>>> print(open('start38.txt').read())   # compact mmCIF, C-alpha atoms and all ligand atoms
# COMPACT_ATOMS: atom_id res chain seq x y z
CA MET L 21 118.78 116.22 129.94
CA PRO L 22 118.79 119.54 131.84
CA LEU L 23 117.00 119.45 135.21
CA ARG L 24 114.01 121.49 133.97
CA ALA L 25 113.51 119.03 131.11
CA LYS L 26 113.72 116.07 133.52
CA VAL L 27 111.06 117.61 135.75
CA ALA L 28 108.87 118.51 132.76
CA SER L 29 109.19 114.99 131.38
CA SER L 30 108.28 113.40 134.70
CA VAL L 31 105.27 115.70 135.25
CA SER L 32 104.17 115.02 131.66
CA ARG L 33 104.19 111.24 132.26
CA THR L 34 102.29 111.63 135.52
CA ALA L 35 99.64 113.89 133.98
CA ALA L 36 99.13 111.45 131.11
CA ALA L 37 98.82 108.54 133.55
CA LEU L 38 96.29 110.44 135.68
CA SER L 39 94.27 111.31 132.62
CA ARG L 40 94.23 107.66 131.53
CA ALA L 41 93.26 106.54 135.05
CA ALA L 42 90.38 109.03 134.98
CA GLY L 43 89.16 107.43 131.75
CA ARG L 44 89.78 110.56 129.69
CA GLY L 45 91.46 109.01 126.64
CA ASP L 46 95.11 108.02 126.41
CA GLY L 47 96.32 111.25 128.06
CA SER L 48 98.94 112.01 125.44
CA VAL L 49 97.68 115.50 124.59
CA ILE L 50 97.33 116.77 128.17
CA GLY L 51 100.62 115.15 129.24
CA GLY L 52 102.52 116.78 126.39
CA TRP L 53 100.78 120.10 126.93
CA ILE L 54 101.82 120.30 130.59
CA GLY L 55 105.37 119.15 129.80
CA LEU L 56 105.78 121.86 127.16
CA LYS L 57 104.38 124.50 129.55
CA ILE L 58 107.12 123.67 132.05
CA ASP L 59 109.87 123.41 129.43
CA PRO L 60 109.08 124.83 125.95
CA ASP L 61 112.18 123.00 124.61
CA LEU L 62 111.10 119.65 126.04
CA LEU L 63 110.49 118.05 122.63
CA ALA L 64 114.02 118.98 121.53
CA HIS L 65 115.51 117.63 124.77
CA LEU L 66 113.57 114.37 124.49
CA SER L 67 114.63 114.00 120.83
CA ALA L 68 118.35 114.46 121.47
CA GLY L 69 120.31 111.23 121.10
CA ARG L 70 117.55 109.40 119.24
CA ALA L 71 117.52 108.55 115.53
CA ILE L 72 114.11 109.82 114.45
CA ALA L 73 111.83 109.36 111.45
CA LEU L 74 108.91 111.73 110.85
CA ILE L 75 105.96 110.60 108.74
CA SER L 76 103.64 113.25 107.29
CA GLY L 77 100.99 113.65 104.61
CA THR L 78 97.23 114.06 104.29
CA ASN L 79 96.38 110.35 104.28
CA GLY L 80 97.88 107.09 105.51
CA LYS L 81 100.24 108.56 108.09
CA THR L 82 98.92 106.68 111.13
CA THR L 83 99.13 103.31 109.38
CA THR L 84 102.50 104.06 107.76
CA THR L 85 103.88 105.18 111.12
CA ARG L 86 102.77 101.91 112.69
CA LEU L 87 104.32 99.88 109.86
CA ALA L 88 107.56 101.90 109.89
CA ALA L 89 107.87 101.53 113.67
CA ALA L 90 107.52 97.76 113.22
CA ALA L 91 110.19 97.75 110.50
CA VAL L 92 112.67 99.95 112.41
CA GLY L 93 112.03 97.69 115.42
CA VAL L 94 114.45 95.21 113.78
CA LEU L 95 117.23 97.41 115.21
CA GLY L 96 115.97 98.03 118.74
CA ARG L 97 113.33 99.81 120.79
CA VAL L 98 111.27 102.42 118.98
CA ALA L 99 109.24 105.22 120.58
CA THR L 100 106.11 106.13 118.59
CA ASN L 101 102.86 108.08 118.88
CA SER L 102 100.72 105.20 117.76
CA PHE L 103 97.32 106.64 118.65
CA GLY L 104 97.24 109.50 116.21
CA ALA L 105 98.17 112.34 118.61
CA ASN L 106 100.28 113.90 115.87
CA MET L 107 101.02 117.42 117.05
CA PRO L 108 104.01 118.47 119.23
CA THR L 109 102.06 117.75 122.44
CA GLY L 110 101.55 114.15 121.25
CA HIS L 111 105.21 113.77 120.24
CA THR L 112 106.41 115.12 123.57
CA SER L 113 104.13 112.79 125.45
CA ALA L 114 105.12 109.74 123.37
CA LEU L 115 108.85 110.33 123.87
CA ALA L 116 108.46 111.07 127.60
CA LYS L 117 106.41 107.91 128.06
CA ALA L 118 108.81 105.67 126.12
CA GLY L 119 111.83 106.73 128.16
CA SER L 120 115.21 106.29 126.55
CA THR L 121 115.02 104.54 123.17
CA PRO L 122 117.56 104.58 120.35
CA TYR L 123 114.85 105.17 117.72
CA ALA L 124 111.60 107.04 117.30
CA VAL L 125 109.05 107.01 114.46
CA LEU L 126 106.59 109.89 114.76
CA GLU L 127 103.44 110.68 112.82
CA VAL L 128 103.27 114.44 112.19
CA ASP L 129 100.26 116.55 111.24
CA GLU L 130 101.26 118.15 107.93
CA HIS L 131 100.71 121.67 109.31
CA TYR L 132 103.29 121.06 112.06
CA LEU L 133 106.03 119.47 109.96
CA ALA L 134 108.28 122.55 109.90
CA GLN L 135 108.02 123.02 113.66
CA VAL L 136 108.66 119.34 114.44
CA LEU L 137 111.59 119.18 112.00
CA GLU L 138 113.12 122.10 113.91
CA ALA L 139 112.60 120.53 117.34
CA THR L 140 113.49 116.89 116.64
CA GLU L 141 116.24 117.15 113.99
CA PRO L 142 115.18 113.83 112.45
CA HIS L 143 117.35 111.50 110.41
CA VAL L 144 114.62 110.96 107.84
CA VAL L 145 111.27 112.48 106.92
CA ALA L 146 108.67 110.65 104.81
CA LEU L 147 106.29 112.75 102.69
CA LEU L 148 103.27 110.64 101.70
CA ASN L 149 100.78 112.81 99.79
CA LEU L 150 98.88 116.09 99.84
CA SER L 151 95.20 116.48 99.05
CA ARG L 152 92.24 118.59 100.11
CA ASP L 153 91.12 117.99 103.69
CA GLN L 154 88.87 119.81 106.19
CA LEU L 155 87.88 122.67 103.91
CA ASP L 156 87.11 125.13 106.69
CA ARG L 157 90.44 124.71 108.45
CA ALA L 158 93.22 123.03 106.50
CA LYS L 159 95.49 124.98 104.21
CA GLU L 160 95.16 124.87 100.44
CA VAL L 161 97.25 122.03 99.02
CA ALA L 162 99.65 124.34 97.13
CA MET L 163 100.21 126.39 100.29
CA MET L 164 100.95 123.24 102.28
CA ALA L 165 103.48 122.14 99.63
CA GLN L 166 105.11 125.57 99.84
CA LEU L 167 105.47 125.26 103.63
CA TRP L 168 107.06 121.81 103.34
CA ARG L 169 109.46 123.04 100.69
CA ALA L 170 110.51 126.03 102.79
CA ALA L 171 111.04 123.74 105.81
CA LEU L 172 113.27 121.40 103.79
CA VAL L 173 115.40 124.31 102.59
CA ARG L 174 116.25 124.94 106.25
CA HIS L 175 117.01 121.20 106.81
CA ALA L 176 118.86 120.13 103.69
CA ASP L 177 120.75 117.53 105.75
CA VAL L 178 117.63 115.45 106.46
CA ARG L 179 117.06 112.40 104.29
CA VAL L 180 113.72 112.51 102.51
CA VAL L 181 111.56 109.56 101.48
CA ALA L 182 108.88 110.93 99.16
CA ASN L 183 106.03 109.88 96.90
CA ALA L 184 107.03 110.09 93.22
CA ASP L 185 103.36 109.81 92.16
CA ASP L 186 102.22 113.04 93.79
CA PRO L 187 103.35 116.15 91.87
CA MET L 188 102.80 118.39 94.90
CA VAL L 189 105.01 116.17 97.06
CA VAL L 190 107.72 115.92 94.39
CA TRP L 191 107.82 119.70 94.11
CA ALA L 192 107.90 120.13 97.91
CA ALA L 193 110.71 117.56 98.27
CA THR L 194 112.99 119.19 95.68
CA PRO L 195 113.72 122.77 96.67
CA PRO L 196 116.41 124.38 94.51
CA ALA L 197 119.99 124.37 95.77
CA ASP L 198 121.46 127.74 96.66
CA PRO L 199 125.27 127.41 96.64
CA ALA L 200 125.69 131.11 97.55
CA ARG L 201 124.02 130.46 100.92
CA GLY L 202 125.57 126.99 101.22
CA VAL L 203 122.12 125.37 100.82
CA ASP L 204 122.19 121.95 99.19
CA THR L 205 119.17 119.96 97.99
CA PRO L 206 118.03 117.22 100.38
CA HIS L 207 118.80 113.61 99.52
CA VAL L 208 115.52 112.09 98.29
CA THR L 209 114.56 108.43 98.00
CA TRP L 210 111.44 108.11 95.84
CA PHE L 211 108.72 105.54 96.29
CA SER L 212 105.76 104.79 94.07
CA ALA L 213 102.61 103.53 95.69
CA GLY L 214 100.13 104.63 93.02
CA GLN L 215 97.74 107.52 93.46
CA ARG L 216 94.05 107.27 92.73
CA TRP L 217 93.20 110.88 93.54
CA HIS L 218 94.46 113.46 91.00
CA ASP L 219 92.13 116.39 91.57
CA ASP L 220 94.58 118.44 93.61
CA SER L 221 97.47 118.21 91.16
CA TRP L 222 96.34 119.19 87.66
CA VAL L 223 98.29 122.45 87.81
CA CYS L 224 102.07 122.65 88.22
CA PRO L 225 103.06 124.21 91.56
CA GLU L 226 106.25 125.57 89.95
CA CYS L 227 104.94 127.32 86.84
CA GLY L 228 101.15 127.03 86.72
CA SER L 229 101.04 125.00 83.49
CA THR L 230 98.89 121.91 83.06
CA ILE L 231 100.16 118.58 84.35
CA ARG L 232 99.61 115.67 81.97
CA ARG L 233 99.41 111.99 82.85
CA SER L 234 99.91 108.74 80.99
CA ALA L 235 99.75 105.44 82.89
CA GLU L 236 101.88 106.02 86.00
CA HIS L 237 103.87 108.88 84.46
CA TRP L 238 103.13 112.59 84.85
CA TRP L 239 104.90 115.70 83.63
CA CYS L 240 104.46 119.45 83.54
CA THR L 241 103.79 120.85 80.05
CA GLY L 242 105.59 124.12 80.89
CA CYS L 243 108.71 123.29 82.95
CA PRO L 244 111.02 120.36 83.77
CA LEU L 245 108.94 119.12 86.75
CA ARG L 246 108.07 115.48 86.11
CA ARG L 247 107.73 112.16 87.87
CA PRO L 248 111.12 111.03 89.16
CA GLU L 249 112.13 107.41 88.66
CA PRO L 250 111.09 105.65 91.90
CA HIS L 251 113.57 103.56 93.91
CA TRP L 252 110.83 101.58 95.69
CA THR L 253 107.70 100.42 93.88
CA VAL L 254 104.64 98.33 94.57
CA GLU L 255 104.46 95.39 92.22
CA ASP L 256 101.56 92.93 92.50
CA ASP L 257 101.29 92.04 96.19
CA GLY L 258 104.84 92.96 97.02
CA VAL L 259 107.51 95.63 96.97
CA LEU L 260 110.44 96.04 94.60
CA ASP L 261 113.48 97.45 96.45
CA PRO L 262 116.25 99.63 94.96
CA THR L 263 118.43 96.58 94.25
CA GLY L 264 115.65 95.07 92.12
CA ALA L 265 114.75 92.39 94.68
CA TRP L 266 111.02 91.74 95.12
CA HIS L 267 109.58 91.10 98.57
CA LYS L 268 106.18 89.56 99.06
CA VAL L 269 104.20 91.61 101.59
CA ARG L 270 101.72 89.69 103.73
CA LEU L 271 99.60 92.22 105.61
CA GLN L 272 96.59 91.89 107.83
CA LEU L 273 95.49 95.29 106.47
CA PRO L 274 93.35 95.44 103.31
CA GLY L 275 93.87 97.17 99.97
CA LYS L 276 96.61 98.12 97.58
CA VAL L 277 97.00 101.40 99.45
CA ASN L 278 98.40 99.49 102.41
CA ILE L 279 100.96 97.66 100.24
CA GLY L 280 102.00 101.20 99.28
CA ASN L 281 102.21 102.14 102.96
CA ALA L 282 104.35 99.02 103.50
CA ALA L 283 106.71 100.09 100.69
CA THR L 284 107.06 103.49 102.34
CA ALA L 285 107.73 101.88 105.74
CA LEU L 286 110.45 99.65 104.26
CA ALA L 287 112.02 102.66 102.51
CA VAL L 288 112.04 104.61 105.81
CA ALA L 289 113.58 101.67 107.70
CA ALA L 290 116.23 101.28 104.98
CA GLU L 291 117.39 104.82 105.75
CA PHE L 292 118.38 103.47 109.20
CA GLY L 293 120.16 100.52 107.60
CA VAL L 294 117.35 97.94 107.94
CA ARG L 295 117.31 95.41 105.09
CA PRO L 296 113.81 94.89 103.66
CA VAL L 297 114.28 91.12 103.85
CA ASP L 298 114.65 91.44 107.65
CA ALA L 299 111.72 93.83 108.14
CA VAL L 300 109.05 92.62 105.76
CA SER L 301 107.78 89.76 107.95
CA ARG L 302 107.29 92.16 110.89
CA LEU L 303 104.75 94.17 108.88
CA GLY L 304 102.37 91.23 108.92
CA ALA L 305 102.09 91.50 112.70
CA VAL L 306 100.32 94.87 112.43
CA THR L 307 96.59 94.22 112.64
CA SER L 308 94.28 97.16 113.03
CA VAL L 309 95.52 100.65 113.81
CA ALA L 310 93.46 102.54 116.46
CA GLY L 311 90.35 100.74 115.24
CA ARG L 312 91.02 101.28 111.53
CA TYR L 313 90.40 98.03 109.62
CA ALA L 314 89.21 96.36 112.84
CA GLN L 315 86.75 93.49 112.38
CA VAL L 316 84.08 92.65 114.92
CA ASP L 317 81.51 89.86 114.85
CA ARG L 318 78.03 90.74 116.07
CA ASP L 319 74.73 88.89 115.54
CA GLY L 320 76.18 86.90 112.65
CA ARG L 321 77.53 89.99 110.91
CA ASN L 322 81.24 90.53 110.37
CA ILE L 323 81.62 94.29 110.74
CA ARG L 324 84.74 95.94 109.34
CA LEU L 325 85.65 99.55 110.14
CA LEU L 326 87.22 101.80 107.50
CA LEU L 327 88.11 105.39 108.31
CA ALA L 328 87.76 107.92 105.48
CA LYS L 329 88.20 111.61 106.16
CA ASN L 330 88.49 113.39 102.83
CA PRO L 331 87.82 112.73 99.13
CA ALA L 332 91.12 110.94 98.47
CA SER L 333 90.64 108.57 101.40
CA TRP L 334 87.02 107.83 100.41
CA LEU L 335 88.27 106.67 97.01
CA GLU L 336 90.74 104.33 98.72
CA ALA L 337 88.03 103.05 101.08
CA PHE L 338 85.73 102.13 98.17
CA ASP L 339 88.63 100.20 96.69
CA MET L 340 89.26 98.31 99.94
CA ALA L 341 85.64 97.52 100.75
CA ASP L 342 84.19 94.20 99.64
CA GLU L 343 81.08 94.07 97.42
CA ALA L 344 78.92 93.88 100.53
CA PRO L 345 76.31 95.92 102.39
CA THR L 346 77.93 99.21 103.37
CA LEU L 347 77.12 101.69 106.13
CA LEU L 348 78.30 105.28 105.57
CA SER L 349 78.41 107.65 108.51
CA ILE L 350 79.20 111.36 108.36
CA ASN L 351 79.57 113.89 111.18
CA ALA L 352 80.74 117.50 110.99
CA ARG L 353 82.04 118.11 114.48
CA ASP L 354 85.20 120.03 115.22
CA PRO L 355 87.74 117.25 114.48
CA ASP L 356 85.94 116.43 111.20
CA GLY L 357 85.81 119.97 109.88
CA LEU L 358 82.45 121.73 109.80
CA ASP L 359 82.04 122.01 106.03
CA THR L 360 80.64 118.88 104.34
CA SER L 361 80.68 120.25 100.78
CA TRP L 362 83.64 117.91 100.12
CA LEU L 363 81.07 115.12 99.79
CA PHE L 364 80.47 116.50 96.29
CA ASP L 365 84.13 115.84 95.40
CA VAL L 366 83.62 112.12 96.01
CA ASP L 367 82.18 109.91 93.28
CA PHE L 368 80.01 107.39 95.15
CA ALA L 369 79.20 105.46 91.95
CA PRO L 370 81.35 102.45 93.01
CA LEU L 371 78.66 101.77 95.65
CA ARG L 372 75.89 101.22 93.06
CA GLY L 373 74.58 97.70 93.32
CA ARG L 374 75.48 97.36 97.00
CA GLN L 375 73.02 97.78 99.85
CA VAL L 376 73.87 101.26 101.18
CA LEU L 377 72.85 102.50 104.62
CA ILE L 378 73.55 106.01 105.88
CA THR L 379 73.71 107.51 109.35
CA GLY L 380 75.52 110.18 111.40
CA ASP L 381 74.85 113.81 112.37
CA ARG L 382 75.03 114.87 108.73
CA ALA L 383 73.30 111.88 107.13
CA TYR L 384 71.01 114.26 105.22
CA ASP L 385 74.00 115.94 103.54
CA LEU L 386 75.07 112.48 102.46
CA ALA L 387 71.52 111.71 101.33
CA VAL L 388 71.51 114.69 98.96
CA ARG L 389 74.89 113.71 97.55
CA LEU L 390 73.88 110.05 97.01
CA GLU L 391 70.60 111.01 95.37
CA ILE L 392 72.43 113.24 92.85
CA ASN L 393 75.03 110.51 92.37
CA ASP L 394 72.21 108.02 91.66
CA VAL L 395 73.09 105.65 94.51
CA PRO L 396 70.02 104.18 96.30
CA PHE L 397 70.26 104.24 100.10
CA GLN L 398 68.38 103.73 103.32
CA HIS L 399 68.64 106.12 106.28
CA ILE L 400 69.01 104.45 109.69
CA ARG L 401 69.23 106.11 113.10
CA THR L 402 71.31 103.74 115.22
CA PHE L 403 74.15 101.33 114.69
CA ASP L 404 72.03 98.42 115.98
CA GLU L 405 69.39 99.25 113.40
CA ALA L 406 72.09 99.03 110.72
CA VAL L 407 73.19 95.60 111.91
CA ARG L 408 69.58 94.34 111.84
CA ALA L 409 68.99 95.84 108.38
CA VAL L 410 71.62 93.73 106.62
CA PRO L 411 71.76 89.98 106.05
CA PRO L 412 74.30 87.84 107.97
CA GLY L 413 77.81 88.20 106.52
CA ARG L 414 80.09 91.17 105.94
CA LEU L 415 79.01 94.71 106.78
CA GLU L 416 81.50 97.36 105.67
CA VAL L 417 81.44 100.59 107.68
CA ILE L 418 83.02 103.70 106.17
CA ALA L 419 82.96 106.75 108.41
CA ASN L 420 84.71 110.06 108.93
CA TYR L 421 86.61 110.85 112.10
CA THR L 422 84.11 111.37 114.94
CA ALA L 423 81.52 109.17 113.25
CA PHE L 424 84.16 106.45 113.23
CA GLN L 425 84.87 107.01 116.94
CA ASP L 426 81.13 106.83 117.73
CA ILE L 427 80.82 103.45 116.01
CA ARG L 428 84.04 102.24 117.60
CA ALA L 429 82.52 103.12 121.00
CA GLU L 430 79.41 101.07 120.09
CA LEU L 431 81.77 98.16 119.53
CA ASP L 432 83.45 98.64 122.94
CA ARG L 433 86.35 100.72 121.65
CA VAL L 434 87.67 97.97 119.45
CA ASN L 435 91.33 98.44 118.53
ZN ZN W 501 105.68 123.47 85.57
>>> encode(input="start38.txt", output="structure tokens")
Amino acid sequence: MPLRAKVASSVSRTAAALSRAAGRGDGSVIGGWIGLKIDPDLLAHLSAGRAIALISGTNGKTTTTRLAAAAVGVLGRVATNSFGANMPTGHTSALAKAGSTPYAVLEVDEHYLAQVLEATEPHVVALLNLSRDQLDRAKEVAMMAQLWRAALVRHADVRVVANADDPMVVWAATPPADPARGVDTPHVTWFSAGQRWHDDSWVCPECGSTIRRSAEHWWCTGCPLRRPEPHWTVEDDGVLDPTGAWHKVRLQLPGKVNIGNAATALAVAAEFGVRPVDAVSRLGAVTSVAGRYAQVDRDGRNIRLLLAKNPASWLEAFDMADEAPTLLSINARDPDGLDTSWLFDVDFAPLRGRQVLITGDRAYDLAVRLEINDVPFQHIRTFDEAVRAVPPGRLEVIANYTAFQDIRAELDRVN
């Protein structure tokens, strides 16, 4: 590395360590920020010589990154931003902290994918899904897909692992070739992990016609855009690889959605030459991810934490949760997005028949939604009150971002 980059990297590590020592989080944002101030090209310098995978999408990227890092770990040491700091400051900090590693698997905020592709020149990029998120801040889904597509046109040499079940992702992953400018289409490996949420992909991003669905298939009624044949698919509690071999996946993470994340992780690792048979057992070592899916016992209650940030992830959380008393907590602070009208995009009917408790800064917004959705609930003010209000046994907690962090803090920052 050039001298400036070496200095920047060293200062970045020190700043992150100081921030951690001062008890101000894991220090990855401030460390990366200072490093990039000293050397704006630091991320590119730190990426050089590493084989890198980027993982992006609206939902599941933290967990998929953790699983993919475990799978790629078959080959050697892997640098990763495992605590969800998924912007260039977080990537810079993670690579500086890890020192020299042959591999890196990085979670990337979908808005920063183009920029991080440019800086890191990855070997592979995984595109998970696109759906509405943080209404007051995030881009419209079609606009996001357009940005991804434009970024891939500039990086046609990158290998793409993409979700065949999401029309917006399929469109983004298949920009047209332009032989006149020497632009080829990227090589795409398709995975199918199922998709419960369809409300952001009823209209074709290519031609504006209606998209139709039948079982797992989908197709545009006005142009050739349709579901590609996937190379990797979830089948029962395992993953079918491109050779037709089926691998049982034993995870400590709940839900079919995580088997899908495992399929994606195996597909990403395969792009580095990792055989699924060698990687699949390593996935079972991943327990909770920054508190997500963590289980804590308190006063005879087994409390399980599920993070849900937007309508698509709430649907997945309902699917993962047991038929047990459930605490819902909603905040609308800066990291959550300030607009809670997305609550009306979620059908809470699956909770009928369960004991439902609500809390959080915006519990009353949730109360209105549940009343209209005909789901009885009880408002509680503190987490302890919630624990006392339910019988011994499982208590499922589903919360959005800062509400989740508040409850995690109540449970001594469980990981
Ligand atoms: Zn179309």
>>> closest_residue(input="start38.txt", among="L:Met107, L:Ala197, L:Cys224, L:Leu63", to="ligand ZN 501 (chain W)", atoms="only C-alpha atoms and all ligand atoms")
L:Cys224
>>> atom_distance(input="start38.txt", atom1="atom CA of L:Asn281", atom2="atom CA of L:Ala71")
20.8 Å
>>> residues_near_ligand(input="start38.txt", ligand="ligand ZN 501 (chain W)", cutoff="12 Å", atoms="all atoms listed in the file", output="PyMOL selection string")
chain L and resi 187-188+190-191+221-232+238-247
>>> residues_around(input="start38.txt", residues="stretch 134-150 of chain L", least_positions_apart="4", cutoff="8 Å", atoms="all atoms listed in the file", output="MDAnalysis selection string")
chainID L and resid 61 63:64 67:68 71:81 108 128 161 164:165 167:168 171:172 175 178:183 186 188:189 193 220 284 288 291
>>> closest_residue(input="start38.txt", among="L:Glu416, L:Asp339, L:Glu160, L:Asp381", to="L:Leu358", atoms="only C-alpha atoms")
L:Asp381
>>> closest_residue(input="start38.txt", among="L:Ala114, L:Leu133, L:Leu126, L:Leu66", to="L:Asp46", atoms="all atoms listed in the file")
L:Ala114
>>> residues_around(input="start38.txt", residues="stretch 37-41 of chain L", least_positions_apart="2", cutoff="12 Å", atoms="all atoms listed in the file", output="ChimeraX atom specification")
/L:30-35,43-52,54,113,116-117
>>> write_last_selection(input="start38.txt", atoms="C-alpha atoms", output="tab-separated table (two decimals), in the coordinates of the input")
chain	number	residue	atom	x	y	z
L	30	SER	CA	108.28	113.40	134.70
L	31	VAL	CA	105.27	115.70	135.25
L	32	SER	CA	104.17	115.02	131.66
L	33	ARG	CA	104.19	111.24	132.26
L	34	THR	CA	102.29	111.63	135.52
L	35	ALA	CA	99.64	113.89	133.98
L	43	GLY	CA	89.16	107.43	131.75
L	44	ARG	CA	89.78	110.56	129.69
L	45	GLY	CA	91.46	109.01	126.64
L	46	ASP	CA	95.11	108.02	126.41
L	47	GLY	CA	96.32	111.25	128.06
L	48	SER	CA	98.94	112.01	125.44
L	49	VAL	CA	97.68	115.50	124.59
L	50	ILE	CA	97.33	116.77	128.17
L	51	GLY	CA	100.62	115.15	129.24
L	52	GLY	CA	102.52	116.78	126.39
L	54	ILE	CA	101.82	120.30	130.59
L	113	SER	CA	104.13	112.79	125.45
L	116	ALA	CA	108.46	111.07	127.60
L	117	LYS	CA	106.41	107.91	128.06
>>> atom_distance(input="start38.txt", atom1="atom CA of L:Leu286", atom2="atom CA of L:Glu336")
21.0 Å
>>> residues_around(input="start38.txt", residues="L:Gly275", least_positions_apart="3", cutoff="12 Å", atoms="only C-alpha atoms", output="short mmCIF file (atom, residue, chain, number, x, y, z; two decimals) with C-alpha atoms, keeping the file's coordinate frame")
data_model
loop_
_atom_site.label_atom_id
_atom_site.label_comp_id
_atom_site.auth_asym_id
_atom_site.auth_seq_id
_atom_site.Cartn_x
_atom_site.Cartn_y
_atom_site.Cartn_z
CA ALA L 213 102.61 103.53 95.69
CA GLY L 214 100.13 104.63 93.02
CA ASP L 256 101.56 92.93 92.50
CA ASP L 257 101.29 92.04 96.19
CA VAL L 269 104.20 91.61 101.59
CA ARG L 270 101.72 89.69 103.73
CA LEU L 271 99.60 92.22 105.61
CA GLN L 272 96.59 91.89 107.83
CA ASN L 278 98.40 99.49 102.41
CA ILE L 279 100.96 97.66 100.24
CA GLY L 280 102.00 101.20 99.28
CA ASN L 281 102.21 102.14 102.96
CA ALA L 282 104.35 99.02 103.50
CA TYR L 313 90.40 98.03 109.62
CA LEU L 326 87.22 101.80 107.50
CA SER L 333 90.64 108.57 101.40
CA LEU L 335 88.27 106.67 97.01
CA GLU L 336 90.74 104.33 98.72
CA ALA L 337 88.03 103.05 101.08
CA PHE L 338 85.73 102.13 98.17
CA ASP L 339 88.63 100.20 96.69
CA MET L 340 89.26 98.31 99.94
CA ALA L 341 85.64 97.52 100.75
CA ASP L 342 84.19 94.20 99.64
#
>>> residues_near_point(input="start38.txt", point="(111.0, 93.4, 112.3)", cutoff="10 Å", atoms="only C-alpha atoms", output="list in words")
Leu87, Ala88, Ala89, Ala90, Ala91, Val92, Gly93, Val94, Leu95, Gly96, Ala289, Val294, Arg295, Pro296, Val297, Asp298, Ala299, Val300, Ser301, Arg302, Leu303, Gly304 and Ala305 of chain L
>>> residues_around(input="start38.txt", residues="L:Asp385", least_positions_apart="6", cutoff="9 Å", atoms="all atoms listed in the file", output="PyMOL selection string")
chain L and resi 350+360-361+363
>>> closest_residue(input="start38.txt", among="L:Ile378, L:Val254, L:Leu56, L:Ala423", to="L:Val395", atoms="all atoms listed in the file")
L:Ile378
>>> atom_distance(input="start38.txt", atom1="atom CA of L:Thr85", atom2="atom CA of L:Thr253")
18.3 Å
>>> residues_around(input="start38.txt", residues="L:Thr379", least_positions_apart="2", cutoff="12 Å", atoms="only C-alpha atoms", output="count of residues only")
33
>>> closest_residue(input="start38.txt", among="L:Arg312, L:Lys276, L:His131, L:Arg174", to="L:Asp198", atoms="only C-alpha atoms")
L:Arg174
>>> closest_residue(input="start38.txt", among="L:Arg70, L:Arg353, L:Lys329, L:Arg408", to="L:Asp153", atoms="only C-alpha atoms")
L:Lys329
>>> axis_aligned_box(input="start38.txt", around="stretch 195-198 of chain L", padding_each_side="6 Å", output="JSON")
{"center_x": 117.6, "center_y": 125.3, "center_z": 95.6, "size_x": 19.7, "size_y": 17.0, "size_z": 14.2}
>>> decode(input="start38.txt", residues="stretch 87-95 of chain L", atoms="N, CA, C and O atoms", output="mmCIF file, in the first residue's frame")
data_model
loop_
_atom_site.group_PDB
_atom_site.id
_atom_site.type_symbol
_atom_site.label_atom_id
_atom_site.label_comp_id
_atom_site.auth_asym_id
_atom_site.auth_seq_id
_atom_site.Cartn_x
_atom_site.Cartn_y
_atom_site.Cartn_z
ATOM 1 N N LEU L 87 -23.256 -15.890 6.955
ATOM 2 C CA LEU L 87 -23.228 -17.271 6.451
ATOM 3 C C LEU L 87 -22.197 -17.416 5.324
ATOM 4 O O LEU L 87 -21.454 -18.406 5.275
ATOM 5 N N ALA L 88 -22.147 -16.423 4.428
ATOM 6 C CA ALA L 88 -21.201 -16.511 3.302
ATOM 7 C C ALA L 88 -19.762 -16.430 3.809
ATOM 8 O O ALA L 88 -18.880 -17.124 3.290
ATOM 9 N N ALA L 89 -19.527 -15.598 4.822
ATOM 10 C CA ALA L 89 -18.169 -15.506 5.386
ATOM 11 C C ALA L 89 -17.775 -16.854 5.990
ATOM 12 O O ALA L 89 -16.629 -17.303 5.842
ATOM 13 N N ALA L 90 -18.723 -17.521 6.637
ATOM 14 C CA ALA L 90 -18.441 -18.853 7.200
ATOM 15 C C ALA L 90 -18.117 -19.842 6.087
ATOM 16 O O ALA L 90 -17.186 -20.650 6.202
ATOM 17 N N ALA L 91 -18.867 -19.771 4.983
ATOM 18 C CA ALA L 91 -18.660 -20.721 3.880
ATOM 19 C C ALA L 91 -17.331 -20.463 3.169
ATOM 20 O O ALA L 91 -16.572 -21.402 2.896
ATOM 21 N N VAL L 92 -17.023 -19.201 2.893
ATOM 22 C CA VAL L 92 -15.764 -18.870 2.209
ATOM 23 C C VAL L 92 -14.572 -19.188 3.115
ATOM 24 O O VAL L 92 -13.461 -19.476 2.650
ATOM 25 N N GLY L 93 -14.831 -19.187 4.434
ATOM 26 C CA GLY L 93 -13.792 -19.507 5.412
ATOM 27 C C GLY L 93 -13.164 -20.881 5.222
ATOM 28 O O GLY L 93 -12.095 -21.160 5.775
ATOM 29 N N VAL L 94 -13.782 -21.751 4.442
ATOM 30 C CA VAL L 94 -13.187 -23.043 4.075
ATOM 31 C C VAL L 94 -11.808 -22.816 3.440
ATOM 32 O O VAL L 94 -10.883 -23.613 3.624
ATOM 33 N N LEU L 95 -11.669 -21.694 2.716
ATOM 34 C CA LEU L 95 -10.451 -21.457 1.926
ATOM 35 C C LEU L 95 -9.354 -20.729 2.689
ATOM 36 O O LEU L 95 -8.191 -20.790 2.307
#
